[in-house]
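Peer 1: upload_35.txt is reproduced below (compact mmCIF, C-alpha atoms).
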```txt
# COMPACT_ATOMS: atom_id res chain seq x y z
CA MET A 16 74.95 -54.24 -93.56
CA ALA A 17 76.58 -57.43 -94.78
CA ILE A 18 80.36 -57.64 -94.78
CA SER A 19 81.80 -58.56 -98.13
CA ARG A 20 83.33 -62.03 -98.15
CA THR A 21 86.66 -60.68 -99.36
CA HIS A 22 86.82 -58.30 -96.41
CA ARG A 23 86.01 -60.77 -93.64
CA VAL A 24 89.55 -61.96 -92.95
CA PRO A 25 91.17 -58.49 -93.02
CA ILE A 26 88.50 -57.26 -90.61
CA LEU A 27 89.11 -60.26 -88.37
CA LEU A 28 92.86 -59.59 -88.39
CA LEU A 29 92.20 -55.95 -87.59
CA ALA A 30 90.00 -57.00 -84.69
CA LEU A 31 92.76 -59.28 -83.38
CA LEU A 32 95.26 -56.41 -83.55
CA THR A 33 92.85 -54.08 -81.77
CA GLY A 34 92.22 -56.70 -79.09
CA THR A 35 95.98 -57.18 -78.63
CA LEU A 36 96.56 -53.46 -78.16
CA LEU A 37 93.51 -52.73 -76.00
CA PHE A 38 93.52 -55.85 -73.84
CA PRO A 39 97.13 -57.06 -73.55
CA ARG A 40 96.39 -58.96 -70.32
CA ALA A 41 93.06 -60.44 -71.40
CA CYS A 42 92.49 -63.96 -70.05
CA ASP A 43 96.13 -64.05 -68.92
CA SER A 44 95.62 -66.02 -65.74
CA VAL A 45 93.09 -68.35 -67.40
CA ARG A 46 95.48 -69.00 -70.26
CA LEU A 47 98.33 -69.60 -67.81
CA GLY A 48 96.18 -72.00 -65.83
CA VAL A 49 95.18 -73.99 -68.91
CA GLY A 50 98.78 -74.09 -70.16
CA ALA A 51 99.97 -75.33 -66.77
CA ARG A 52 97.56 -78.27 -66.91
CA LEU A 53 99.34 -79.66 -69.96
CA PRO A 54 102.09 -82.23 -69.41
CA ALA A 55 105.32 -80.58 -68.25
CA THR A 56 108.04 -80.29 -70.87
CA VAL A 57 110.90 -79.62 -68.44
CA PRO A 58 112.02 -82.93 -66.93
CA PRO A 59 112.74 -82.89 -63.19
CA THR A 60 116.49 -83.17 -62.61
CA ASP A 61 118.92 -82.92 -59.75
CA ALA A 62 121.84 -81.97 -61.95
CA THR A 63 122.09 -78.49 -60.49
CA VAL A 64 122.46 -79.84 -56.96
CA THR A 65 126.07 -80.79 -57.70
CA GLU A 66 126.88 -77.12 -58.24
CA LEU A 67 125.62 -76.06 -54.84
CA PRO A 68 128.68 -76.54 -52.59
CA ARG A 69 131.04 -74.43 -54.74
CA GLU A 70 128.58 -71.58 -55.12
CA ARG A 71 127.45 -71.62 -51.51
CA GLU A 72 131.04 -71.63 -50.25
CA ALA A 73 131.93 -68.55 -52.31
CA VAL A 74 128.81 -66.67 -51.28
CA LEU A 75 129.14 -67.48 -47.58
CA ALA A 76 132.80 -66.39 -47.52
CA LYS A 77 131.90 -63.02 -49.04
CA ARG A 78 128.94 -62.54 -46.73
CA LEU A 79 131.08 -63.31 -43.70
CA THR A 80 133.60 -60.67 -44.73
CA LEU A 81 130.81 -58.17 -45.38
CA LEU A 82 129.22 -58.81 -41.97
CA GLU A 83 132.58 -58.39 -40.26
CA GLN A 84 132.99 -55.04 -41.98
CA GLN A 85 129.52 -53.97 -40.95
CA GLN A 86 130.17 -55.07 -37.38
CA ALA A 87 133.30 -52.96 -37.19
CA ALA A 88 131.52 -49.92 -38.59
CA ARG A 89 128.37 -50.31 -36.48
CA PRO A 90 126.95 -46.90 -35.50
CA SER A 91 126.16 -45.94 -31.94
CA GLY A 92 123.40 -44.10 -30.06
CA ASP A 93 120.15 -43.16 -31.82
CA ALA A 94 121.41 -44.28 -35.19
CA ALA A 95 122.04 -47.77 -33.84
CA LEU A 96 118.57 -47.85 -32.33
CA ALA A 97 116.98 -46.81 -35.60
CA GLY A 98 119.01 -49.49 -37.37
CA LEU A 99 117.85 -52.15 -34.93
CA ARG A 100 114.24 -51.04 -35.42
CA VAL A 101 114.58 -51.48 -39.15
CA GLN A 102 116.23 -54.88 -38.70
CA SER A 103 113.44 -55.91 -36.35
CA ARG A 104 110.88 -54.95 -38.95
CA ARG A 105 112.73 -56.94 -41.56
CA ALA A 106 113.00 -59.95 -39.28
CA SER A 107 109.26 -59.91 -38.73
CA ALA A 108 108.81 -59.98 -42.49
CA ALA A 109 111.07 -62.99 -42.88
CA PRO A 110 110.49 -64.58 -46.27
CA VAL A 111 108.74 -67.90 -46.56
CA ALA A 112 109.88 -69.98 -49.49
CA VAL A 113 107.49 -71.91 -51.68
CA ALA A 114 109.03 -74.77 -53.61
CA ALA A 115 107.91 -75.00 -57.23
CA ARG A 116 108.68 -77.06 -60.29
CA VAL A 117 109.30 -75.58 -63.72
CA LEU A 118 106.62 -76.82 -66.15
CA HIS A 119 107.39 -75.09 -69.44
CA VAL A 120 110.00 -72.70 -70.79
CA GLU A 121 107.69 -70.40 -72.73
CA VAL A 122 107.98 -69.80 -76.46
CA SER A 123 109.12 -66.32 -77.46
CA SER A 124 112.13 -64.89 -79.21
CA ALA A 125 111.85 -61.64 -77.25
CA ARG A 126 110.95 -62.80 -73.77
CA ARG A 127 112.69 -65.14 -71.33
CA THR A 128 109.96 -66.67 -69.19
CA PHE A 129 108.95 -69.98 -67.71
CA VAL A 130 105.90 -71.37 -65.94
CA ILE A 131 106.00 -72.89 -62.45
CA ASP A 132 103.43 -75.07 -60.70
CA ALA A 133 102.78 -72.72 -57.77
CA GLY A 134 100.23 -69.94 -57.90
CA GLN A 135 97.94 -67.73 -55.89
CA ASP A 136 96.70 -70.68 -53.84
CA ASP A 137 100.27 -70.99 -52.53
CA GLY A 138 100.62 -67.26 -51.89
CA VAL A 139 102.54 -66.57 -55.09
CA VAL A 140 101.72 -63.11 -56.45
CA PRO A 141 103.36 -60.89 -59.09
CA GLY A 142 106.57 -59.22 -57.96
CA LEU A 143 107.92 -62.01 -55.77
CA PRO A 144 111.54 -63.06 -56.31
CA VAL A 145 112.32 -66.58 -57.52
CA ILE A 146 115.57 -68.17 -56.41
CA GLN A 147 117.56 -71.37 -56.60
CA SER A 148 120.00 -71.84 -53.76
CA ASP A 149 121.48 -68.34 -53.28
CA SER A 150 120.99 -67.23 -56.87
CA LEU A 151 118.19 -64.98 -58.04
CA ILE A 152 116.53 -66.60 -61.06
CA GLY A 153 113.74 -64.14 -61.81
CA VAL A 154 110.55 -62.49 -60.60
CA VAL A 155 106.91 -63.57 -60.83
CA VAL A 156 104.99 -61.46 -63.36
CA THR A 157 101.65 -63.28 -63.65
CA ALA A 158 99.93 -65.74 -61.36
CA SER A 159 96.87 -67.91 -61.74
CA ALA A 160 95.42 -70.11 -59.01
CA ARG A 161 97.92 -72.92 -59.44
CA ALA A 162 100.59 -71.60 -61.78
CA ALA A 163 102.75 -68.53 -62.24
CA ARG A 164 104.84 -67.01 -64.98
CA VAL A 165 108.42 -66.11 -64.03
CA LEU A 166 110.42 -63.51 -65.92
CA ARG A 167 114.07 -64.56 -65.91
CA ILE A 168 116.75 -62.12 -64.77
CA ASP A 169 118.31 -62.14 -68.24
CA ASP A 170 115.12 -60.74 -69.84
CA ARG A 171 115.36 -57.16 -71.08
CA ALA A 172 112.21 -56.02 -69.28
CA ALA A 173 112.36 -53.30 -66.66
CA ALA A 174 110.86 -55.78 -64.16
CA THR A 175 114.24 -57.51 -64.08
CA THR A 176 116.23 -54.37 -63.37
CA PHE A 177 117.76 -54.50 -59.89
CA PRO A 178 120.19 -52.47 -57.81
CA ALA A 179 123.40 -54.51 -57.80
CA ALA A 180 126.53 -54.65 -55.69
CA VAL A 181 129.86 -55.95 -56.96
CA LEU A 182 131.80 -57.96 -54.38
CA THR A 183 135.53 -58.23 -54.89
CA SER A 184 137.08 -61.59 -55.60
CA GLU A 185 140.37 -60.56 -53.97
CA ALA A 186 140.84 -62.12 -50.55
CA ASP A 187 143.08 -59.35 -49.23
CA ALA A 188 140.86 -56.41 -50.24
CA ALA A 189 140.14 -53.78 -47.58
CA SER A 190 136.40 -53.89 -48.30
CA PRO A 191 134.44 -56.67 -49.97
CA LEU A 192 132.27 -54.09 -51.76
CA ARG A 193 133.95 -52.98 -54.98
CA GLY A 194 131.16 -51.10 -56.68
CA GLN A 195 127.42 -50.52 -57.01
CA GLY A 196 125.29 -50.21 -60.09
CA VAL A 197 122.10 -51.31 -61.76
CA SER A 198 121.75 -54.69 -63.44
CA ARG A 199 119.46 -55.59 -66.33
CA GLY A 200 119.15 -58.57 -68.64
CA THR A 201 120.48 -58.66 -72.16
CA GLY A 202 118.04 -61.27 -73.46
CA ASP A 203 120.70 -63.86 -74.20
CA GLY A 204 121.51 -65.42 -70.86
CA LEU A 205 123.71 -62.58 -69.57
CA LEU A 206 123.25 -59.44 -67.47
CA ARG A 207 124.78 -55.99 -67.69
CA VAL A 208 125.59 -53.93 -64.61
CA SER A 209 125.63 -50.25 -65.57
CA PHE A 210 126.72 -47.01 -63.87
CA LEU A 211 129.95 -48.46 -62.50
CA GLY A 212 133.14 -46.50 -61.94
CA ALA A 213 136.38 -47.34 -63.72
CA ASP A 214 137.31 -49.67 -60.85
CA GLY A 215 133.73 -50.71 -60.13
CA ALA A 216 134.22 -54.32 -61.15
CA ARG A 217 136.85 -56.77 -62.33
CA VAL A 218 136.58 -60.06 -64.11
CA GLY A 219 135.80 -62.79 -61.58
CA ASP A 220 133.97 -60.54 -59.11
CA LEU A 221 130.65 -61.70 -57.72
CA VAL A 222 127.54 -59.55 -58.34
CA VAL A 223 124.68 -59.66 -55.84
CA THR A 224 121.41 -57.76 -55.44
CA ASN A 225 121.72 -54.57 -53.47
CA ALA A 226 119.37 -52.78 -51.11
CA GLY A 227 116.79 -50.57 -52.78
CA SER A 228 114.51 -53.03 -54.53
CA ARG A 229 111.00 -53.13 -53.08
CA MET A 230 110.52 -56.88 -53.25
CA VAL A 231 113.91 -58.45 -53.95
CA PRO A 232 116.08 -58.90 -50.84
CA GLU A 233 119.71 -57.84 -50.93
CA GLY A 234 122.48 -60.39 -51.11
CA LEU A 235 121.04 -62.74 -53.72
CA VAL A 236 123.62 -63.80 -56.29
CA LEU A 237 123.16 -62.45 -59.82
CA GLY A 238 126.35 -63.85 -61.31
CA GLU A 239 130.03 -63.43 -62.02
CA VAL A 240 131.68 -60.61 -63.95
CA ILE A 241 133.13 -61.88 -67.23
CA GLU A 242 133.83 -58.58 -69.00
CA MET A 243 134.20 -54.90 -68.14
CA SER A 244 133.94 -52.10 -70.68
CA ASP A 245 132.98 -48.50 -71.38
CA GLU A 246 131.39 -48.92 -74.82
CA GLU A 247 129.92 -45.44 -75.00
CA ARG A 248 133.09 -43.85 -73.61
CA ASP A 249 131.15 -41.65 -71.22
CA GLY A 250 133.03 -42.68 -68.07
CA SER A 251 130.19 -44.94 -66.96
CA PHE A 252 131.46 -48.51 -67.12
CA GLU A 253 129.37 -51.60 -67.74
CA ALA A 254 130.12 -55.09 -66.48
CA VAL A 255 128.87 -58.12 -68.36
CA VAL A 256 127.73 -60.72 -65.85
CA ARG A 257 127.12 -64.42 -66.38
CA PRO A 258 124.69 -66.06 -63.91
CA LEU A 259 126.24 -68.86 -61.86
CA ARG A 260 123.16 -70.95 -62.53
CA ASP A 261 122.43 -72.25 -66.00
CA LEU A 262 119.08 -70.54 -66.54
CA GLU A 263 118.22 -72.85 -69.43
CA THR A 264 118.23 -76.01 -67.33
CA ILE A 265 116.39 -74.79 -64.25
CA ALA A 266 113.94 -77.52 -63.19
CA SER A 267 112.95 -76.44 -59.69
CA VAL A 268 112.94 -73.12 -57.84
CA LEU A 269 111.90 -71.43 -54.62
CA VAL A 270 109.54 -68.44 -54.58
CA LEU A 271 110.30 -66.07 -51.71
CA ARG A 272 107.10 -64.76 -50.18
CA VAL A 273 108.60 -61.51 -48.99
CA GLU A 274 106.68 -58.42 -47.99
CA PRO A 275 107.74 -55.09 -49.44
CA THR A 276 110.11 -54.07 -46.64
CA GLY A 277 110.66 -50.61 -48.00
CA LEU A 278 107.17 -49.53 -46.96
CA ARG A 279 107.42 -50.94 -43.46
CA VAL A 280 110.35 -48.86 -42.21
CA GLU A 281 109.31 -46.10 -39.81
CA SER A 282 111.45 -43.06 -39.27
CA LYS A 283 111.20 -40.75 -36.29
CA MET B 18 86.62 -86.98 -90.25
CA THR B 19 89.87 -88.75 -91.18
CA ARG B 20 90.46 -86.05 -93.79
CA TRP B 21 90.86 -83.54 -90.99
CA ALA B 22 93.06 -85.74 -88.80
CA GLY B 23 96.20 -84.75 -90.70
CA THR B 24 95.25 -81.10 -90.55
CA LEU B 25 94.64 -81.31 -86.82
CA PHE B 26 97.96 -83.10 -86.39
CA LEU B 27 99.84 -80.39 -88.28
CA LEU B 28 98.02 -77.68 -86.33
CA LEU B 29 99.06 -79.20 -83.00
CA LEU B 30 102.56 -79.92 -84.26
CA ALA B 31 102.99 -76.31 -85.40
CA ALA B 32 101.80 -75.02 -82.03
CA THR B 33 103.74 -77.40 -79.79
CA ALA B 34 107.00 -77.98 -81.71
CA PRO B 35 108.83 -74.97 -80.22
CA LEU B 36 107.83 -76.11 -76.74
CA LEU B 37 109.49 -79.48 -77.32
CA ALA B 38 112.63 -78.06 -78.90
CA PRO B 39 115.84 -77.77 -76.83
CA THR B 40 115.73 -74.30 -75.28
CA THR B 41 119.29 -73.44 -76.27
CA TRP B 42 118.57 -74.31 -79.91
CA ARG B 43 115.35 -72.34 -79.90
CA ASP B 44 116.89 -69.25 -78.33
CA ALA B 45 119.75 -69.37 -80.83
CA GLY B 46 117.30 -69.64 -83.75
CA ARG B 47 118.51 -73.11 -84.73
CA TRP B 48 115.00 -74.51 -84.97
CA PRO B 49 112.60 -74.19 -87.92
CA ASP B 50 109.36 -72.34 -87.26
CA LEU B 51 106.79 -74.98 -88.19
CA ALA B 52 103.87 -72.60 -87.63
CA VAL B 53 105.19 -70.21 -90.27
CA LEU B 54 105.91 -73.13 -92.62
CA ALA B 55 102.34 -74.41 -92.24
CA VAL B 56 100.67 -71.07 -92.99
CA VAL B 57 103.03 -70.34 -95.88
CA PHE B 58 102.30 -73.81 -97.28
CA LEU B 59 98.58 -73.09 -97.12
CA GLY B 60 99.12 -69.64 -98.56
CA PHE B 61 100.82 -71.23 -101.58
CA ARG B 62 98.59 -74.27 -101.97
CA GLY B 63 95.35 -72.98 -100.50
CA THR B 64 93.74 -69.58 -100.40
CA PRO B 65 94.69 -66.44 -98.44
CA ASP B 66 91.59 -66.76 -96.26
CA ARG B 67 92.22 -70.39 -95.36
CA ALA B 68 95.89 -69.70 -94.64
CA ALA B 69 94.90 -66.80 -92.40
CA MET B 70 92.30 -68.85 -90.52
CA PHE B 71 94.75 -71.71 -90.04
CA GLY B 72 97.34 -69.22 -88.75
CA ILE B 73 94.80 -67.80 -86.31
CA ALA B 74 93.96 -71.30 -85.07
CA VAL B 75 97.64 -72.22 -84.60
CA GLY B 76 98.25 -68.91 -82.85
CA LEU B 77 95.37 -69.44 -80.42
CA VAL B 78 96.63 -72.88 -79.43
CA ALA B 79 100.25 -71.70 -79.15
CA SER B 80 99.21 -68.76 -76.98
CA LEU B 81 98.75 -71.21 -74.10
CA TRP B 82 102.51 -71.17 -73.62
CA THR B 83 103.62 -67.79 -74.86
CA PRO B 84 104.11 -64.70 -72.69
CA GLU B 85 102.70 -62.28 -75.28
CA PRO B 86 99.07 -61.08 -75.22
CA LEU B 87 96.42 -63.69 -76.07
CA LEU B 88 95.53 -62.35 -79.53
CA PHE B 89 99.04 -61.36 -80.57
CA ARG B 90 100.20 -64.65 -82.09
CA PRO B 91 96.88 -65.35 -83.88
CA PHE B 92 97.14 -61.88 -85.43
CA VAL B 93 100.73 -62.28 -86.63
CA LEU B 94 100.35 -65.85 -87.95
CA GLY B 95 97.03 -64.97 -89.59
CA SER B 96 98.62 -61.96 -91.27
CA VAL B 97 101.57 -64.03 -92.48
CA GLY B 98 99.19 -66.57 -94.02
CA TYR B 99 97.03 -63.90 -95.62
CA VAL B 100 99.98 -62.04 -97.11
CA ALA B 101 101.60 -65.31 -98.26
CA GLY B 102 98.36 -66.30 -99.99
CA HIS B 103 98.14 -63.03 -101.90
CA ALA B 104 101.87 -63.05 -102.67
CA ALA B 105 101.56 -66.56 -104.09
CA SER B 106 98.84 -65.42 -106.48
CA ILE B 107 101.12 -62.86 -108.11
CA LEU B 108 104.41 -64.76 -107.89
CA HIS B 109 105.64 -68.08 -109.26
CA ARG B 110 104.06 -70.18 -106.53
CA ASP B 111 105.77 -73.39 -107.63
CA HIS B 112 109.27 -71.93 -107.70
CA VAL B 113 111.32 -73.23 -104.81
CA VAL B 114 113.21 -69.95 -104.34
CA VAL B 115 109.95 -68.01 -104.02
CA ARG B 116 108.72 -70.45 -101.38
CA LEU B 117 112.03 -70.29 -99.56
CA VAL B 118 112.01 -66.49 -99.50
CA ALA B 119 108.37 -66.48 -98.35
CA ALA B 120 109.14 -68.85 -95.45
CA ALA B 121 112.17 -66.80 -94.41
CA ALA B 122 110.21 -63.55 -94.66
CA GLY B 123 107.48 -65.05 -92.49
CA VAL B 124 110.01 -65.89 -89.79
CA VAL B 125 111.50 -62.39 -89.92
CA ALA B 126 108.00 -60.86 -89.63
CA MET B 127 107.15 -63.13 -86.71
CA ARG B 128 110.29 -62.30 -84.77
CA LEU B 129 110.12 -58.59 -85.57
CA ALA B 130 106.55 -58.50 -84.28
CA GLU B 131 107.64 -60.28 -81.09
CA GLN B 132 110.34 -57.69 -80.49
CA ILE B 133 107.86 -54.87 -81.07
CA ALA B 134 105.34 -56.49 -78.71
CA ALA B 135 108.04 -56.86 -76.05
CA ALA B 136 109.09 -53.23 -76.48
CA LEU B 137 105.49 -52.01 -76.26
CA SER B 138 104.57 -54.09 -73.22
CA ALA B 139 104.51 -52.28 -69.92
CA GLY B 140 107.79 -52.10 -68.09
CA SER B 141 110.17 -53.01 -70.85
CA ALA B 142 111.96 -49.73 -71.11
CA ALA B 143 115.50 -51.08 -71.31
CA PRO B 144 117.29 -49.09 -74.01
CA TRP B 145 118.49 -50.90 -77.09
CA THR B 146 122.21 -51.03 -77.69
CA GLY B 147 124.14 -51.96 -80.79
CA TYR B 148 124.95 -55.26 -79.14
CA ASP B 149 121.26 -56.05 -78.58
CA ALA B 150 120.30 -55.19 -82.16
CA ALA B 151 123.17 -57.25 -83.59
CA ARG B 152 122.25 -60.25 -81.45
CA VAL B 153 118.56 -60.12 -82.41
CA ALA B 154 119.45 -59.72 -86.09
CA SER B 155 121.84 -62.67 -85.91
CA VAL B 156 119.32 -64.97 -84.21
CA THR B 157 116.56 -63.92 -86.62
CA PHE B 158 118.79 -64.62 -89.60
CA THR B 159 119.68 -68.05 -88.21
CA ALA B 160 116.00 -68.86 -87.64
CA ALA B 161 115.10 -67.69 -91.15
CA VAL B 162 117.83 -69.89 -92.65
CA ALA B 163 116.77 -72.89 -90.52
CA THR B 164 113.14 -72.48 -91.59
CA GLY B 165 114.14 -71.97 -95.22
CA LEU B 166 116.21 -75.16 -95.15
CA ALA B 167 113.34 -77.13 -93.61
CA MET B 168 110.84 -75.76 -96.15
CA PRO B 169 111.43 -78.28 -99.00
CA VAL B 170 111.12 -81.25 -96.62
CA TYR B 171 108.04 -79.84 -94.91
CA PHE B 172 106.31 -79.00 -98.19
CA ALA B 173 107.15 -82.42 -99.64
CA VAL B 174 105.81 -84.30 -96.61
CA ALA B 175 102.65 -82.20 -96.32
CA LYS B 176 102.00 -82.58 -100.05
CA ARG B 177 102.85 -86.29 -100.23
CA TRP B 178 100.67 -87.27 -97.27
CA ARG B 179 97.98 -84.67 -98.06
CA LEU B 180 98.04 -83.49 -94.45
CA LEU B 181 96.44 -80.15 -95.26
CA ALA B 182 94.30 -81.41 -98.14
CA PRO B 183 90.96 -80.16 -96.72
CA LEU B 184 92.32 -76.60 -96.81
CA GLU B 185 94.18 -76.81 -100.11
CA ARG B 186 92.82 -75.27 -103.30
CA SER B 187 90.47 -77.46 -105.29
CA PHE B 188 88.88 -77.10 -108.70
CA ARG B 189 85.92 -75.36 -107.09
CA ASP B 190 88.22 -72.56 -105.89
CA VAL B 191 89.76 -71.90 -109.29
```
Would you mind writing the file out in structure tokens?
Peer 2:
Amino acid sequence: MAISRTHRVPILLLALLTGTLLFPRACDSVRLGVGARLPATVPPTDATVTELPREREAVLAKRLTLLEQQQAARPSGDAALAGLRVQSRRASAAPVAVAARVLHVEVSSARRTFVIDAGQDDGVVPGLPVIQSDSLIGVVVTASARAARVLRIDDRAAATTFPAAVLTSEADAASPLRGQGVSRGTGDGLLRVSFLGADGARVGDLVVTNAGSRMVPEGLVLGEVIEMSDEERDGSFEAVVRPLRDLETIASVLVLRVEPTGLRVESK
Amino acid sequence: MTRWAGTLFLLLLAATAPLLAPTTWRDAGRWPDLAVLAVVFLGFRGTPDRAAMFGIAVGLVASLWTPEPLLFRPFVLGSVGYVAGHAASILHRDHVVVRLVAAAAGVVAMRLAEQIAAALSAGSAAPWTGYDAARVASVTFTAAVATGLAMPVYFAVAKRWRLLAPLERSFRDV
């Protein structure tokens, strides 16, 4: 049966729609690999290096305070032994970082992704966290042999939803931990940390990843609180967080080759 | 062969222009969508089928650096071209306001489809808030205005230099 000439294009469009819905990941790694072979559109730059000392100083100071608190509250007996066992497991799964260069910031009004020049040949697989200095930049979502697609932390996808801890910016606070919540991207360069108490965050506080994520280690910087509100007036506050890194100008990153620590912990 | 050089140039330009644009401009919508302009131009000066096929070709090339599924962009751009072609046949195709509205509508359709694709893709269950909707609407409006403003220049250049001449309507098509 011959298809009428006037119906050819509508049928073709219908076939494209069907293909999109049925095979959303078709040829994804091939397409990523071909795209990565094109000349890079993100110029290599060392501009971000000048920001390192300030950020690193703030993060290290907070970590030191946190470790001192943990040292003081260290448990004893069997609990301490179990804790050491877990730490030993984690130490054996120490992350190995793979340096990568950003090739393209991908084109989409709904997604915030970029392509890096490291892939499965370098051990980069979906789910791995991508960092720059101490800041979490995103997670790998697709990987071909020599390239990978990274979903930025400000994307709205569930893959960029992390447990978050708010560290106080006040030097004389009794505890460095002010609150805990869940962070997700807003799609416009910011993050929102939800499920906070009324005093769960203040403007200027530092937000870091918390324990509980399968692949993303705790303690990576997500950003700085710039606003705190309870828009829905349900008692659950939200903090608007701005990443310390300028996500638009990222030119090079590190991919952490971590193993999912959550599955390695034994309990007796 | 040289007849098609301009067409090939515009195809590659439409597919690669967003990649070369400053990211902050692109994310804020302050960058005309040359792919939509190209298919709308062909819809108005060519035929619906040719506009759709050109849109599919641009979409396939552009899908090398887009995170959406492979066939998504060819489908949307092809549909925009096809609808623009049929709309042009019942509207005043030479009226600048009609062209401007068509270009803006194409951008809105493109961005709306991208948001739907993102919402449907696995793992994007983040709930929409009023803030999110307002931001997306604002950026889409800005992009539609930017594309609408670029439309007269784009149409004039493409017409003057006959860049899409092999796909434009000829006496044989009338």
Peer 1: Chain A residues within 6 Å of chain B, counting only C-alpha atoms: which ones, as a ChimeraX atom specification?
Peer 2: /A:28,31,35,39-40,46,50,121-122,125,172-173
Peer 1: Could you work out how far CA of Ala266 in chain A lies from CA of Arg127 in chain A, giving the answer in Å with one decimal?
Peer 2: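 Taking CA of Arg127 in chain A and CA of Ala266 in chain A, their separation equals 14.9 Å.
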Peer 1: If I take CA of Arg126 in chain A and CA of Leu237 in chain A, how far is one from the other in Å, to one decimal?
Peer 2: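 Spanning CA of Arg126 in chain A to CA of Leu237 in chain A is a straight-line distance of 18.5 Å.
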Peer 1: In Å, how far is it from CA of Arg207 in chain A to CA of Arg272 in chain A?
Peer 2: 26.4 Å
Peer 1: So which one's closest to Gly212 in chain A, A:Leu118, A:Val181, A:Leu269, A:Ala158? Using all atoms listed in the file, please.
Peer 2: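 The shortest atom-to-atom distance to Gly212 in chain A comes from A:Val181.
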Peer 1: When distances are computed from all atoms listed in the file, which of B:Gly23, B:Ala161, B:Ile107, B:Gly98 shows the smallest separation from Val57 in chain B?
Peer 2: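 Using all atoms listed in the file, Val57 in chain B sits closest to B:Gly98.
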Peer 1: Quick one: residues within 7 Å of Gly142 in chain A, only C-alpha atoms, excluding same-chain residues fewer than 4 positions away - as an NGL selection string?
Peer 2: :A and (154-156 or 230)
Peer 1: So which one's closest to Leu221 in chain A, A:Arg164, A:Arg199, A:Arg52, A:Arg193? Using only C-alpha atoms, please.
Peer 2: A:Arg193
Peer 1: Could you list as a list of chain:residue names every residue that has an atom within 9 Å of (106.7, -80.1, -69.7), using the file's coordinates and counting only C-alpha atoms?
Peer 2: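 Output: A:Ala51, A:Leu53, A:Pro54, A:Ala55, A:Thr56, A:Val57, A:Pro58, A:Val117, A:Leu118, A:His119, A:Val120, B:Leu36, B:Leu37.
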Peer 1: Using all atoms listed in the file, what residues lie at most 6 Å away from (99.9, -65.9, -60.2) (file coordinates), given as a short mmCIF file (atom, residue, chain, number, x, y, z; two decimals) with C-alpha atoms, in the frame of the given file?
Peer 2:
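Listing of point.cif after writing:
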```cif
data_model
loop_
_atom_site.label_atom_id
_atom_site.label_comp_id
_atom_site.auth_asym_id
_atom_site.auth_seq_id
_atom_site.Cartn_x
_atom_site.Cartn_y
_atom_site.Cartn_z
CA GLY A 134 100.23 -69.94 -57.90
CA GLN A 135 97.94 -67.73 -55.89
CA VAL A 139 102.54 -66.57 -55.09
CA VAL A 140 101.72 -63.11 -56.45
CA THR A 157 101.65 -63.28 -63.65
CA ALA A 158 99.93 -65.74 -61.36
CA SER A 159 96.87 -67.91 -61.74
CA ALA A 162 100.59 -71.60 -61.78
CA ALA A 163 102.75 -68.53 -62.24
#
```
Peer 1: For Thr164 in chain B, list every protein, DNA or RNA residue within 12 Å, evaluated using only C-alpha atoms, and leave out those in the same chain fewer than 2 positions away; present the list as an MDAnalysis selection string.
Peer 2: chainID B and resid 43 46:55 57 116:125 157:162 166:172
Peer 1: Would you save the residues of that selection, restricted to C-alpha atoms, as a short mmCIF file (atom, residue, chain, number, x, y, z; two decimals), in the frame of the given file?
Peer 2:
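To be explicit, this is the file written out as result-v4.cif:
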```cif
data_model
loop_
_atom_site.label_atom_id
_atom_site.label_comp_id
_atom_site.auth_asym_id
_atom_site.auth_seq_id
_atom_site.Cartn_x
_atom_site.Cartn_y
_atom_site.Cartn_z
CA ARG B 43 115.35 -72.34 -79.90
CA GLY B 46 117.30 -69.64 -83.75
CA ARG B 47 118.51 -73.11 -84.73
CA TRP B 48 115.00 -74.51 -84.97
CA PRO B 49 112.60 -74.19 -87.92
CA ASP B 50 109.36 -72.34 -87.26
CA LEU B 51 106.79 -74.98 -88.19
CA ALA B 52 103.87 -72.60 -87.63
CA VAL B 53 105.19 -70.21 -90.27
CA LEU B 54 105.91 -73.13 -92.62
CA ALA B 55 102.34 -74.41 -92.24
CA VAL B 57 103.03 -70.34 -95.88
CA ARG B 116 108.72 -70.45 -101.38
CA LEU B 117 112.03 -70.29 -99.56
CA VAL B 118 112.01 -66.49 -99.50
CA ALA B 119 108.37 -66.48 -98.35
CA ALA B 120 109.14 -68.85 -95.45
CA ALA B 121 112.17 -66.80 -94.41
CA ALA B 122 110.21 -63.55 -94.66
CA GLY B 123 107.48 -65.05 -92.49
CA VAL B 124 110.01 -65.89 -89.79
CA VAL B 125 111.50 -62.39 -89.92
CA THR B 157 116.56 -63.92 -86.62
CA PHE B 158 118.79 -64.62 -89.60
CA THR B 159 119.68 -68.05 -88.21
CA ALA B 160 116.00 -68.86 -87.64
CA ALA B 161 115.10 -67.69 -91.15
CA VAL B 162 117.83 -69.89 -92.65
CA LEU B 166 116.21 -75.16 -95.15
CA ALA B 167 113.34 -77.13 -93.61
CA MET B 168 110.84 -75.76 -96.15
CA PRO B 169 111.43 -78.28 -99.00
CA VAL B 170 111.12 -81.25 -96.62
CA TYR B 171 108.04 -79.84 -94.91
CA PHE B 172 106.31 -79.00 -98.19
#
```
Peer 1: Range 36-41 of chain B, all listed atoms, 4 Å padding on each side: what axis-aligned box centre and edge lengths in Å to one decimal come out, as AutoDock Vina command-line options?
Peer 2:
```
--center_x 113.6 --center_y -76.5 --center_z -77.1 --size_x 19.5 --size_y 14.0 --size_z 11.6
```
Peer 1: Please identify all polymer residues within 8 Å of Ala105 in chain B, counting only C-alpha atoms, omitting same-chain residues fewer than 5 positions from it, and present them as a PyMOL selection string.
Peer 2: chain B and resi 60-61+110
